[in-house]
>>> print(open('my_file.cif').read())   # mmCIF, C-alpha atoms
data_run
#
loop_
_atom_site.label_atom_id
_atom_site.label_comp_id
_atom_site.auth_asym_id
_atom_site.auth_seq_id
_atom_site.Cartn_x
_atom_site.Cartn_y
_atom_site.Cartn_z
CA MET A 418 84.60 186.09 170.64
CA SER A 419 83.39 189.57 171.56
CA SER A 420 80.61 191.02 169.45
CA THR A 421 82.11 194.50 169.55
CA ILE A 422 84.30 196.07 166.89
CA THR A 423 87.98 195.70 167.72
CA THR A 424 89.42 198.21 165.28
CA PRO A 425 92.19 199.90 167.33
CA PHE A 426 91.85 203.32 165.74
CA THR A 427 89.69 205.12 163.21
CA ILE A 428 90.95 206.64 159.98
CA SER A 429 90.67 210.11 161.43
CA GLU A 430 92.58 209.10 164.59
CA LEU A 431 95.32 207.44 162.57
CA GLY A 432 95.61 210.49 160.34
CA LEU A 433 96.03 212.75 163.36
CA ALA A 434 98.72 210.47 164.82
CA LEU A 435 100.58 210.36 161.50
CA ARG A 436 100.61 214.12 161.16
CA ARG A 437 101.70 214.59 164.78
CA GLY A 438 104.55 212.19 164.22
CA THR A 439 103.48 209.81 166.99
CA THR A 440 103.28 206.94 164.52
CA SER A 441 104.28 206.18 160.94
CA SER A 442 102.65 204.38 158.05
CA VAL A 443 105.26 201.62 158.35
CA GLN A 444 104.27 201.13 161.99
CA LEU A 445 100.59 201.05 161.06
CA VAL A 446 101.22 198.44 158.38
CA ARG A 447 103.34 196.27 160.66
CA ALA A 448 100.60 196.42 163.30
CA ALA A 449 97.96 195.51 160.71
CA LEU A 450 100.06 192.58 159.47
CA HIS A 451 100.38 191.35 163.06
CA ARG A 452 96.62 191.55 163.60
CA ILE A 453 95.97 189.73 160.33
CA GLU A 454 98.38 186.96 161.31
CA ASP A 455 96.67 186.67 164.68
CA ARG A 456 93.00 186.94 163.65
CA ASN A 457 92.71 185.78 160.05
CA PRO A 458 92.89 182.05 160.89
CA THR A 459 89.63 182.52 162.81
CA VAL A 460 87.61 184.73 160.45
CA ASN A 461 89.22 184.04 157.03
CA ALA A 462 88.90 187.64 155.91
CA PHE A 463 92.01 187.70 153.70
CA VAL A 464 92.87 185.41 150.79
CA LEU A 465 96.12 187.21 149.98
CA VAL A 466 98.39 189.51 151.99
CA ASP A 467 101.00 191.55 150.12
CA ALA A 468 103.30 192.36 153.03
CA ALA A 469 106.27 193.41 150.91
CA GLY A 470 104.20 195.64 148.66
CA ALA A 471 102.41 197.21 151.62
CA LEU A 472 105.62 197.97 153.50
CA ALA A 473 107.18 199.52 150.39
CA ALA A 474 104.09 201.69 149.89
CA ALA A 475 104.13 202.66 153.58
CA GLU A 476 107.76 203.75 153.34
CA GLN A 477 106.85 205.94 150.38
CA ALA A 478 103.86 207.37 152.27
CA ASP A 479 106.12 208.28 155.19
CA ALA A 480 108.67 209.87 152.86
CA ASP A 481 105.97 211.89 151.12
CA LEU A 482 104.55 213.16 154.40
CA ALA A 483 108.01 214.09 155.63
CA ALA A 484 108.53 216.06 152.42
CA GLY A 485 105.28 217.94 152.88
CA ARG A 486 103.28 215.95 150.34
CA ASP A 487 100.06 215.19 152.20
CA ARG A 488 97.61 213.29 150.01
CA GLY A 489 94.61 213.59 152.33
CA PRO A 490 92.79 211.57 154.97
CA LEU A 491 93.77 208.14 153.58
CA HIS A 492 97.48 208.96 153.42
CA GLY A 493 99.46 206.10 154.97
CA VAL A 494 96.34 204.18 156.07
CA PRO A 495 96.21 200.37 155.54
CA VAL A 496 93.34 199.28 153.28
CA ALA A 497 91.95 195.90 152.16
CA VAL A 498 90.39 195.25 148.73
CA LYS A 499 87.80 192.65 147.72
CA ASP A 500 89.25 189.95 145.50
CA LEU A 501 87.35 190.78 142.35
CA ILE A 502 89.07 194.16 142.08
CA ASP A 503 92.27 194.15 140.03
CA ILE A 504 95.54 195.07 141.71
CA ALA A 505 98.51 195.19 139.35
CA GLY A 506 100.79 192.17 139.80
CA LEU A 507 98.31 190.19 141.91
CA PRO A 508 95.78 187.54 140.88
CA THR A 509 92.04 188.23 140.93
CA THR A 510 90.32 184.95 141.82
CA CYS A 511 86.73 186.12 142.37
CA GLY A 512 86.57 183.37 144.99
CA SER A 513 86.48 180.72 142.27
CA ALA A 514 88.49 177.64 141.34
CA SER A 515 87.68 178.25 137.68
CA SER A 516 90.02 180.05 135.27
CA PHE A 517 90.08 183.11 137.52
CA GLY A 518 93.30 183.60 139.38
CA THR A 519 95.54 182.00 136.78
CA VAL A 520 96.65 185.40 135.45
CA ARG A 521 97.99 188.33 137.43
CA ALA A 522 96.38 191.68 136.72
CA SER A 523 98.39 193.90 134.40
CA GLU A 524 97.10 197.15 135.86
CA ASP A 525 95.16 198.52 138.79
CA ALA A 526 91.42 198.93 138.72
CA GLU A 527 90.54 202.62 138.65
CA ILE A 528 89.33 202.53 142.25
CA VAL A 529 92.69 201.04 143.31
CA ALA A 530 94.50 203.75 141.37
CA ARG A 531 92.43 206.30 143.29
CA LEU A 532 93.39 204.65 146.58
CA ARG A 533 97.05 204.93 145.65
CA ARG A 534 96.70 208.57 144.58
CA ALA A 535 95.06 209.24 147.95
CA GLY A 536 98.13 207.77 149.68
CA ALA A 537 96.39 204.64 151.00
CA VAL A 538 98.45 201.49 151.54
CA ILE A 539 96.88 198.35 150.09
CA ILE A 540 97.63 195.44 152.35
CA GLY A 541 95.83 192.55 150.66
CA LYS A 542 92.75 191.04 149.07
CA THR A 543 89.67 189.78 150.88
CA THR A 544 87.41 186.72 150.69
CA LEU A 545 84.19 186.90 148.71
CA HIS A 546 81.29 184.65 147.82
CA GLU A 547 82.21 183.04 144.50
CA PHE A 548 81.72 185.45 141.57
CA ALA A 549 80.16 187.86 144.13
CA TYR A 550 76.97 185.89 143.49
CA GLY A 551 75.67 185.25 146.99
CA ALA A 552 74.68 187.00 150.19
CA THR A 553 75.92 184.41 152.67
CA GLY A 554 79.69 184.66 152.20
CA ASP A 555 80.18 180.92 152.74
CA ARG A 556 80.69 179.76 149.16
CA SER A 557 84.27 180.38 148.04
CA VAL A 558 87.23 178.30 146.92
CA HIS A 559 89.05 179.95 149.82
CA GLY A 560 86.46 178.84 152.37
CA PRO A 561 83.80 180.92 154.13
CA SER A 562 84.50 184.32 155.60
CA ARG A 563 83.32 184.20 159.20
CA ASN A 564 81.61 186.66 161.48
CA PRO A 565 84.00 188.12 164.09
CA ALA A 566 81.07 188.34 166.53
CA ASP A 567 80.69 184.54 166.31
CA PRO A 568 82.88 182.59 163.85
CA GLU A 569 80.19 179.91 163.52
CA ARG A 570 77.94 182.56 161.97
CA MET A 571 77.89 184.02 158.47
CA SER A 572 79.73 187.22 157.73
CA GLY A 573 77.20 187.91 155.01
CA GLY A 574 78.22 188.47 151.43
CA SER A 575 79.35 188.80 148.93
CA SER A 576 81.91 191.23 150.43
CA GLY A 577 82.08 189.31 153.70
CA GLY A 578 85.85 189.25 153.96
CA SER A 579 86.07 193.03 153.75
CA ALA A 580 83.45 193.45 156.48
CA ALA A 581 85.18 190.90 158.70
CA ALA A 582 88.56 192.56 158.17
CA VAL A 583 87.24 195.84 159.56
CA ALA A 584 85.11 194.28 162.30
CA ALA A 585 88.05 192.17 163.52
CA GLY A 586 90.30 195.24 163.66
CA MET A 587 92.68 194.15 160.91
CA VAL A 588 92.28 197.33 158.86
CA PRO A 589 90.28 200.55 159.32
CA LEU A 590 89.02 200.59 155.71
CA ALA A 591 88.07 197.93 153.17
CA LEU A 592 86.52 198.07 149.72
CA GLY A 593 83.69 195.87 148.51
CA THR A 594 81.10 195.77 145.78
CA ASP A 595 77.33 195.84 146.17
CA THR A 596 74.91 194.46 143.57
CA ALA A 597 72.06 193.46 145.87
CA GLY A 598 73.35 194.39 149.30
CA SER A 599 76.83 192.88 149.23
CA VAL A 600 78.31 195.76 151.25
CA ARG A 601 75.37 196.60 153.52
CA VAL A 602 74.42 193.02 154.42
CA PRO A 603 77.86 192.00 155.77
CA ALA A 604 78.25 195.41 157.39
CA ALA A 605 75.03 194.86 159.33
CA LEU A 606 75.79 191.25 160.25
CA CYS A 607 79.36 192.02 161.37
CA GLY A 608 78.59 195.31 163.12
CA VAL A 609 80.44 197.89 161.02
CA VAL A 610 79.47 200.80 158.78
CA GLY A 611 78.79 199.96 155.14
CA PHE A 612 78.27 202.65 152.51
CA LYS A 613 76.85 202.10 149.03
CA PRO A 614 77.22 205.38 147.15
CA ALA A 615 74.94 206.29 144.27
CA PHE A 616 75.19 204.19 141.13
CA GLY A 617 78.27 205.28 139.17
CA ALA A 618 79.68 207.48 141.95
CA LEU A 619 82.75 205.25 142.19
CA PRO A 620 84.25 203.64 139.07
CA VAL A 621 83.86 199.93 138.29
CA SER A 622 86.52 199.66 135.57
CA GLY A 623 88.96 196.89 136.43
CA ILE A 624 86.38 195.16 138.63
CA TYR A 625 84.95 191.84 137.45
CA PRO A 626 81.23 192.51 137.02
CA LEU A 627 78.25 190.50 138.16
CA ALA A 628 75.25 192.52 136.92
CA PRO A 629 76.52 195.75 135.35
CA THR A 630 73.31 197.77 135.70
CA LEU A 631 73.20 197.00 139.44
CA ASP A 632 76.87 196.86 140.48
CA HIS A 633 78.16 199.53 142.88
CA VAL A 634 81.52 200.01 144.59
CA GLY A 635 81.15 200.46 148.34
CA LEU A 636 83.23 200.58 151.49
CA PHE A 637 83.46 199.44 155.09
CA THR A 638 84.68 201.46 158.07
CA ALA A 639 84.27 201.49 161.84
CA THR A 640 82.48 204.87 161.93
CA SER A 641 80.26 206.93 159.68
CA TYR A 642 82.76 209.80 159.74
CA ASP A 643 85.44 207.45 158.41
CA ALA A 644 83.05 206.39 155.63
CA LEU A 645 82.49 210.02 154.70
CA LEU A 646 86.23 210.75 154.71
CA ALA A 647 87.01 207.72 152.57
CA SER A 648 84.18 208.17 150.08
CA ARG A 649 85.07 211.81 149.54
CA ALA A 650 88.74 210.98 149.11
CA LEU A 651 87.82 208.40 146.46
CA THR A 652 85.47 210.73 144.59
CA GLY A 653 88.11 213.45 144.60
CA GLU A 654 86.25 215.88 146.85
CA SER A 655 88.44 218.11 148.97
CA PRO A 656 88.73 217.11 152.63
CA GLU A 657 88.38 220.80 153.47
CA HIS A 658 84.76 220.37 152.41
CA THR A 659 84.22 217.65 155.02
CA PRO A 660 83.90 219.54 158.30
CA SER A 661 83.29 217.40 161.34
CA SER A 662 80.40 219.72 162.15
CA VAL A 663 78.47 217.96 159.36
CA LEU A 664 78.48 214.87 161.53
CA ARG A 665 76.17 215.76 164.35
CA ALA A 666 72.56 214.97 165.12
CA ARG A 667 70.39 217.63 163.52
CA GLY A 668 66.92 216.45 164.49
CA GLU A 669 66.24 215.26 160.96
CA THR A 670 62.76 213.96 160.25
CA VAL A 671 63.15 210.40 159.01
CA ALA A 672 60.51 208.34 157.22
CA TRP A 673 60.41 204.82 158.63
CA ILE A 674 59.51 202.21 156.01
CA THR A 675 57.78 199.30 157.70
CA PRO A 676 60.08 196.39 156.82
CA GLU A 677 57.28 193.84 157.05
CA ASP A 678 55.74 195.54 154.00
CA ILE A 679 58.68 194.08 152.05
CA ALA A 680 59.70 190.90 153.87
CA PRO A 681 59.13 189.03 157.14
CA THR A 682 61.30 190.71 159.78
CA ASP A 683 62.37 189.67 163.26
CA PRO A 684 60.44 192.15 165.45
CA ARG A 685 63.45 192.51 167.77
CA VAL A 686 65.60 193.64 164.84
CA ALA A 687 62.95 196.11 163.68
CA GLN A 688 62.49 197.50 167.19
CA ILE A 689 66.19 198.09 167.82
CA ALA A 690 66.59 199.81 164.46
CA HIS A 691 63.54 202.02 165.03
CA ASP A 692 64.57 202.85 168.59
CA SER A 693 67.97 204.02 167.39
CA LEU A 694 66.20 206.82 165.51
CA THR A 695 64.13 207.79 168.51
CA ARG A 696 67.22 207.97 170.72
CA ASN A 697 68.86 210.12 168.07
CA GLY A 698 65.99 212.60 168.09
CA ALA A 699 65.50 211.93 164.40
CA ASN A 700 61.69 212.11 164.62
CA PRO A 701 60.79 208.90 162.75
CA TYR A 702 57.29 208.55 161.35
CA MET A 703 55.69 205.58 159.64
CA LEU A 704 55.35 205.22 155.88
CA SER A 705 53.44 201.98 155.59
CA GLY A 706 52.71 201.01 152.01
CA SER A 707 54.89 203.81 150.63
CA LEU A 708 56.64 201.57 148.11
CA GLY A 709 53.43 200.37 146.55
CA ASP A 710 52.95 196.65 145.87
CA THR A 711 56.25 195.20 147.06
CA GLY A 712 55.36 191.57 146.40
CA ASP A 713 57.33 191.41 143.17
CA LEU A 714 60.31 193.56 144.17
CA PHE A 715 62.73 190.70 144.80
CA ARG A 716 61.45 188.77 141.79
CA THR A 717 62.06 191.80 139.57
CA PHE A 718 65.52 192.24 141.02
CA SER A 719 66.39 188.55 140.63
CA THR A 720 65.29 188.59 136.99
CA LEU A 721 67.57 191.53 136.22
CA GLN A 722 70.51 190.14 138.16
CA GLY A 723 70.11 186.58 136.88
CA HIS A 724 69.96 187.56 133.22
CA GLU A 725 72.99 189.83 133.48
CA ALA A 726 75.02 187.41 135.62
CA PHE A 727 74.51 184.60 133.14
CA ALA A 728 75.63 186.84 130.27
CA ILE A 729 78.80 187.74 132.20
CA HIS A 730 79.63 184.15 133.19
CA ALA A 731 78.33 182.16 130.22
CA ALA A 732 81.87 181.12 129.28
CA HIS A 733 82.31 179.44 132.64
CA LEU A 734 79.31 177.22 131.90
CA SER A 735 81.11 175.71 128.92
CA GLY A 736 83.63 173.32 130.40
CA GLU A 737 84.19 174.67 133.92
CA GLU A 738 80.93 173.70 135.58
CA SER A 739 82.61 171.15 137.84
CA LEU A 740 84.83 173.88 139.30
CA ILE A 741 81.95 176.14 140.33
CA ASP A 742 80.19 175.85 143.68
CA PRO A 743 76.86 174.02 143.15
CA ASP A 744 74.80 176.84 144.72
CA VAL A 745 76.41 179.45 142.48
CA LEU A 746 76.19 177.20 139.44
CA SER A 747 72.48 176.62 140.01
CA ARG A 748 71.85 180.35 140.27
CA LEU A 749 73.76 181.02 137.04
CA ARG A 750 71.76 178.35 135.23
CA THR A 751 68.53 179.89 136.49
CA GLY A 752 69.63 183.16 134.90
CA GLN A 753 70.07 181.35 131.59
CA SER A 754 66.33 180.67 131.52
CA VAL A 755 65.40 184.37 131.70
CA SER A 756 64.12 185.42 128.28
CA ALA A 757 64.75 188.76 126.62
CA GLU A 758 61.07 189.57 127.07
CA GLN A 759 61.19 188.77 130.78
CA TYR A 760 64.27 190.92 131.21
CA ALA A 761 62.66 193.82 129.34
CA ALA A 762 59.57 193.59 131.54
CA ALA A 763 61.73 193.56 134.66
CA ASP A 764 63.65 196.56 133.38
CA ARG A 765 60.42 198.48 132.90
CA ALA A 766 59.38 197.55 136.44
CA ARG A 767 62.78 198.70 137.68
CA ARG A 768 62.37 202.11 136.03
CA GLU A 769 58.89 202.49 137.52
CA PHE A 770 60.20 201.61 140.96
CA ARG A 771 63.11 204.03 140.64
CA ASP A 772 60.73 206.81 139.66
CA LEU A 773 58.54 205.98 142.65
CA VAL A 774 61.57 206.11 145.00
CA LEU A 775 62.73 209.45 143.62
CA ARG A 776 59.25 210.92 144.06
CA LEU A 777 59.17 209.56 147.60
CA LEU A 778 62.53 211.14 148.39
CA GLU A 779 61.29 214.51 147.17
CA LYS A 780 58.72 214.43 149.98
CA HIS A 781 60.77 212.49 152.55
CA PRO A 782 64.51 213.19 152.10
CA VAL A 783 65.67 210.34 154.38
CA LEU A 784 64.14 206.87 154.54
CA ALA A 785 65.05 204.25 157.13
CA MET A 786 64.53 200.57 157.80
CA PRO A 787 66.58 197.66 159.15
CA THR A 788 69.44 196.68 156.86
CA VAL A 789 68.76 192.96 157.25
CA PRO A 790 65.55 191.48 158.71
CA VAL A 791 67.35 188.77 160.72
CA ILE A 792 70.56 188.30 162.69
CA ALA A 793 73.50 186.42 161.19
CA PRO A 794 72.57 182.81 160.35
CA GLN A 795 74.87 179.86 160.96
CA ILE A 796 77.48 179.03 158.33
CA ASP A 797 75.84 176.81 155.65
CA GLN A 798 72.33 177.54 156.95
CA ARG A 799 70.10 177.70 153.89
CA THR A 800 66.76 178.71 155.44
CA VAL A 801 65.86 181.07 158.27
CA HIS A 802 62.75 181.21 160.42
CA VAL A 803 60.95 184.47 161.13
CA GLY A 804 57.99 183.78 163.37
CA HIS A 805 56.09 180.96 161.67
CA THR A 806 57.61 181.72 158.24
CA THR A 807 60.52 179.84 156.69
CA ILE A 808 62.53 181.81 154.11
CA GLU A 809 65.46 180.96 151.87
CA THR A 810 68.48 182.56 153.55
CA ARG A 811 69.74 184.49 150.53
CA ALA A 812 66.31 185.96 149.84
CA ALA A 813 65.93 187.02 153.47
CA LEU A 814 69.35 188.66 153.67
CA LEU A 815 68.84 190.65 150.45
CA SER A 816 65.15 191.47 150.83
CA LEU A 817 65.60 194.93 152.36
CA THR A 818 68.77 195.96 150.50
CA SER A 819 68.21 194.91 146.87
CA PRO A 820 65.44 197.46 146.12
CA TRP A 821 67.92 200.31 146.56
CA ASN A 822 70.27 198.84 143.96
CA MET A 823 67.41 199.04 141.48
CA ALA A 824 66.86 202.66 142.49
CA GLY A 825 70.61 203.41 142.43
CA VAL A 826 70.42 205.82 145.38
CA PRO A 827 72.98 206.26 148.20
CA THR A 828 72.45 203.94 151.14
CA LEU A 829 74.28 203.67 154.46
CA SER A 830 74.17 200.81 156.98
CA VAL A 831 75.02 201.71 160.58
CA PRO A 832 75.30 199.31 163.55
CA VAL A 833 72.68 200.04 166.21
CA GLY A 834 72.81 197.24 168.76
CA HIS A 835 72.56 193.50 169.21
CA VAL A 836 70.01 190.69 169.31
CA ASP A 837 71.17 187.49 171.02
CA GLY A 838 74.67 188.98 171.06
CA LEU A 839 74.78 189.49 167.29
CA PRO A 840 74.93 192.87 165.51
CA VAL A 841 71.92 194.66 164.04
CA GLY A 842 72.11 197.47 161.48
CA ILE A 843 69.85 200.28 160.34
CA GLN A 844 69.73 201.30 156.68
CA LEU A 845 69.45 204.98 155.78
CA ILE A 846 68.48 205.98 152.24
CA THR A 847 68.52 209.33 150.46
CA ASP A 848 68.82 210.87 147.00
CA THR A 849 72.06 211.59 145.19
CA GLY A 850 73.56 214.82 146.50
CA ASP A 851 71.96 214.51 149.95
CA GLU A 852 74.50 212.06 151.39
CA GLU A 853 75.47 214.42 154.21
CA ARG A 854 72.01 213.89 155.71
CA LEU A 855 72.77 210.19 156.08
CA PHE A 856 76.11 210.79 157.75
CA GLY A 857 74.68 213.39 160.11
CA ILE A 858 71.96 211.02 161.30
CA ALA A 859 74.44 208.14 161.50
CA ALA A 860 76.75 210.14 163.74
CA GLY A 861 73.90 210.85 166.13
CA ILE A 862 72.97 207.16 166.19
CA GLU A 863 76.58 206.18 166.89
CA SER A 864 77.03 208.66 169.73
CA ARG A 865 73.89 207.42 171.47
CA SER A 866 74.67 203.76 170.78
CA ALA A 867 78.06 204.28 172.41
CA ALA A 868 76.36 205.79 175.43
CA SER A 869 73.75 203.02 175.60
CA PRO A 870 75.21 199.84 174.06
CA GLY A 871 72.56 197.39 172.96
#
>>> encode(input="my_file.cif", output="structure tokens")
Amino acid sequence: MSSTITTPFTISELGLALRRGTTSSVQLVRAALHRIEDRNPTVNAFVLVDAAGALAAAEQADADLAAGRDRGPLHGVPVAVKDLIDIAGLPTTCGSASSFGTVRASEDAEIVARLRRAGAVIIGKTTLHEFAYGATGDRSVHGPSRNPADPERMSGGSSGGSAAAVAAGMVPLALGTDTAGSVRVPAALCGVVGFKPAFGALPVSGIYPLAPTLDHVGLFTATSYDALLASRALTGESPEHTPSSVLRARGETVAWITPEDIAPTDPRVAQIAHDSLTRNGANPYMLSGSLGDTGDLFRTFSTLQGHEAFAIHAAHLSGEESLIDPDVLSRLRTGQSVSAEQYAAADRARREFRDLVLRLLEKHPVLAMPTVPVIAPQIDQRTVHVGHTTIETRAALLSLTSPWNMAGVPTLSVPVGHVDGLPVGIQLITDTGDEERLFGIAAGIESRSAASPG
């Protein structure tokens, strides 16, 4: 299968066609349903498709537009939603065979309600790593979500189905959640844009939590401009305040964080990511050692996440253990062993790290590094090799993304090329309120990547 994105049109292109009358929302939904029928057996992006509900919503979107009620850039656009986000009338399984999925949601999650108010058409729910507690995307009662670039490879997780749905051209927009990198990791591995807004920027009510102090709502699109359009529509910002002129290379000075300071990194991945900045004219300069002693970063993160995840899922460890994937179950049990004192110490370390990051961003408004230090591993592969180092796959995939969940700052993953035919992403980080910097740099990277495909 080709390693390039096969999304037929972007959100902005679809919106233009809708408003010109050269297509309709019903036509877009029928086309999306056809692509899902054709491609989902290969990549397993969707666990549920609500064709009837989507067509009814598309008919309403067309009627509204005909009556002059234009709800913005997402009006009439097909969207997929990760299956731990409640949609009224549909089950929420969280990828588990446990007691999830036995009850249909009584109301929409707030983020789904915002999608509907923006005129988006929800077409179905996507595969996730069970309980959203994994970075590999291959542990779910529904089976693994697979990488459209190579279906024998991981999509990444936990929002792997949403990334695969966009990368395989099924939908132009999909929602996910990101606790440790669960949007940015699959975005990088599948070759799409993944945006994690600042902590709390998008609401989590009606979404089954994993670690509430780290959970973010995020989104997947084919282009950075689409991500900006969608995120602003979902935060209620006026599309008139989203001029396309924002999205151009502006010669930003970008601080390159040496990824090897945090985790072993494939030098080919690091080089492609760094070169994408140089081609963009973004003036990258090295910040080696800028994050202080990074040796305990992932341990601090895992302590926070493990303690909170156990508290959320403790009930499932009383009688439903046999229904939980052994990898996920083991991780939950590890969280049970985290003491209150250990959690408090990790929380103090988290606050110190966040303060360090905010001080760093005052001096260097945009930071950059690879999103993931390796290319997509094989399905079920539990260790990866970087040089002469062997690393647990989950730890490797999350090593460069999880610090930014502790800091809670906006982070954008952008595809920049390929290694061995598999996608590579760059991660751009800034402070809350400076998101336009990320999108401007991303647009420059995309334009040059299109001119010089890697």
>>> resolve_selection(input="my_file.cif", expression="the PyMOL selection byres ((chain A and resi 567) around 12)", output="PyMOL selection string")
chain A and resi 418-421+459-460+562-566+568-572+581+584-585+606-608+792-796+837-840
>>> write_last_selection(input="my_file.cif", atoms="C-alpha atoms", output="compact mmCIF listing (two decimals), keeping the file's coordinate frame")
# COMPACT_ATOMS: atom_id res chain seq x y z
CA MET A 418 84.60 186.09 170.64
CA SER A 419 83.39 189.57 171.56
CA SER A 420 80.61 191.02 169.45
CA THR A 421 82.11 194.50 169.55
CA THR A 459 89.63 182.52 162.81
CA VAL A 460 87.61 184.73 160.45
CA SER A 562 84.50 184.32 155.60
CA ARG A 563 83.32 184.20 159.20
CA ASN A 564 81.61 186.66 161.48
CA PRO A 565 84.00 188.12 164.09
CA ALA A 566 81.07 188.34 166.53
CA PRO A 568 82.88 182.59 163.85
CA GLU A 569 80.19 179.91 163.52
CA ARG A 570 77.94 182.56 161.97
CA MET A 571 77.89 184.02 158.47
CA SER A 572 79.73 187.22 157.73
CA ALA A 581 85.18 190.90 158.70
CA ALA A 584 85.11 194.28 162.30
CA ALA A 585 88.05 192.17 163.52
CA LEU A 606 75.79 191.25 160.25
CA CYS A 607 79.36 192.02 161.37
CA GLY A 608 78.59 195.31 163.12
CA ILE A 792 70.56 188.30 162.69
CA ALA A 793 73.50 186.42 161.19
CA PRO A 794 72.57 182.81 160.35
CA GLN A 795 74.87 179.86 160.96
CA ILE A 796 77.48 179.03 158.33
CA ASP A 837 71.17 187.49 171.02
CA GLY A 838 74.67 188.98 171.06
CA LEU A 839 74.78 189.49 167.29
CA PRO A 840 74.93 192.87 165.51
>>> residues_around(input="my_file.cif", residues="Asp555 of chain A", least_positions_apart="2", cutoff="10 Å", atoms="all atoms listed in the file", output="list of chain:residue names")
A:Thr544, A:Leu545, A:His546, A:Glu547, A:Gly551, A:Ala552, A:Thr553, A:Ser557, A:Val558, A:His559, A:Gly560, A:Pro561, A:Ser562, A:Arg563, A:Arg570, A:Met571, A:Ser572, A:Gly573, A:Gly574, A:Ser575, A:Gly577, A:Gln795, A:Ile796, A:Asp797, A:Gln798
>>> write_last_selection(input="my_file.cif", atoms="C-alpha atoms", output="compact mmCIF listing (two decimals), in the frame of the given file")
# COMPACT_ATOMS: atom_id res chain seq x y z
CA THR A 544 87.41 186.72 150.69
CA LEU A 545 84.19 186.90 148.71
CA HIS A 546 81.29 184.65 147.82
CA GLU A 547 82.21 183.04 144.50
CA GLY A 551 75.67 185.25 146.99
CA ALA A 552 74.68 187.00 150.19
CA THR A 553 75.92 184.41 152.67
CA SER A 557 84.27 180.38 148.04
CA VAL A 558 87.23 178.30 146.92
CA HIS A 559 89.05 179.95 149.82
CA GLY A 560 86.46 178.84 152.37
CA PRO A 561 83.80 180.92 154.13
CA SER A 562 84.50 184.32 155.60
CA ARG A 563 83.32 184.20 159.20
CA ARG A 570 77.94 182.56 161.97
CA MET A 571 77.89 184.02 158.47
CA SER A 572 79.73 187.22 157.73
CA GLY A 573 77.20 187.91 155.01
CA GLY A 574 78.22 188.47 151.43
CA SER A 575 79.35 188.80 148.93
CA GLY A 577 82.08 189.31 153.70
CA GLN A 795 74.87 179.86 160.96
CA ILE A 796 77.48 179.03 158.33
CA ASP A 797 75.84 176.81 155.65
CA GLN A 798 72.33 177.54 156.95
>>> closest_residue(input="my_file.cif", among="A:Met587, A:Pro832, A:Trp821, A:Arg854", to="Asn457 of chain A", atoms="all atoms listed in the file")
A:Met587
>>> closest_residue(input="my_file.cif", among="A:Asp713, A:Glu454, A:Asp683, A:Glu769", to="Thr807 of chain A", atoms="only C-alpha atoms")
A:Asp683
>>> atom_distance(input="my_file.cif", atom1="atom CA of Thr720 of chain A", atom2="atom CA of Ala604 of chain A")
25.1 Å
>>> closest_residue(input="my_file.cif", among="A:Gly842, A:Gly825, A:Gly541, A:Pro458", to="Ala497 of chain A", atoms="only C-alpha atoms")
A:Gly541
>>> atom_distance(input="my_file.cif", atom1="atom CA of Ala731 of chain A", atom2="atom CA of Gln759 of chain A")
18.4 Å
>>> closest_residue(input="my_file.cif", among="A:Val801, A:Leu814, A:Leu646, A:Ala672", to="Phe715 of chain A", atoms="only C-alpha atoms")
A:Leu814
>>> closest_residue(input="my_file.cif", among="A:Asn822, A:Ser599, A:Thr800, A:Asn461", to="Gly578 of chain A", atoms="all atoms listed in the file")
A:Asn461
>>> resolve_selection(input="my_file.cif", expression="the PyMOL selection byres ((chain A and resi 637) around 8)", output="ChimeraX atom specification")
/A:579-580,583,590-593,600,604,609-612,635-636,638-639,644
>>> closest_residue(input="my_file.cif", among="A:Pro620, A:Pro508, A:Pro614, A:Pro490", to="Ser429 of chain A", atoms="all atoms listed in the file")
A:Pro490
>>> residues_around(input="my_file.cif", residues="Val745 of chain A", least_positions_apart="3", cutoff="8 Å", atoms="only C-alpha atoms", output="mmCIF file with C-alpha atoms, keeping the file's coordinate frame")
data_model
loop_
_atom_site.group_PDB
_atom_site.id
_atom_site.type_symbol
_atom_site.label_atom_id
_atom_site.label_comp_id
_atom_site.auth_asym_id
_atom_site.auth_seq_id
_atom_site.Cartn_x
_atom_site.Cartn_y
_atom_site.Cartn_z
ATOM 1 C CA GLU A 547 82.210 183.040 144.500
ATOM 2 C CA TYR A 550 76.970 185.890 143.490
ATOM 3 C CA GLY A 551 75.670 185.250 146.990
ATOM 4 C CA ARG A 556 80.690 179.760 149.160
ATOM 5 C CA ILE A 741 81.950 176.140 140.330
ATOM 6 C CA ASP A 742 80.190 175.850 143.680
ATOM 7 C CA ARG A 748 71.850 180.350 140.270
ATOM 8 C CA LEU A 749 73.760 181.020 137.040
#
>>> atom_distance(input="my_file.cif", atom1="atom CA of Glu737 of chain A", atom2="atom CA of Ala505 of chain A")
25.6 Å
>>> residues_around(input="my_file.cif", residues="Thr711 of chain A", least_positions_apart="4", cutoff="10 Å", atoms="all atoms listed in the file", output="list in words")
Asp678, Ile679, Ala680, Gly706, Ser707, Phe715, Arg716, Phe770 and Pro820 of chain A
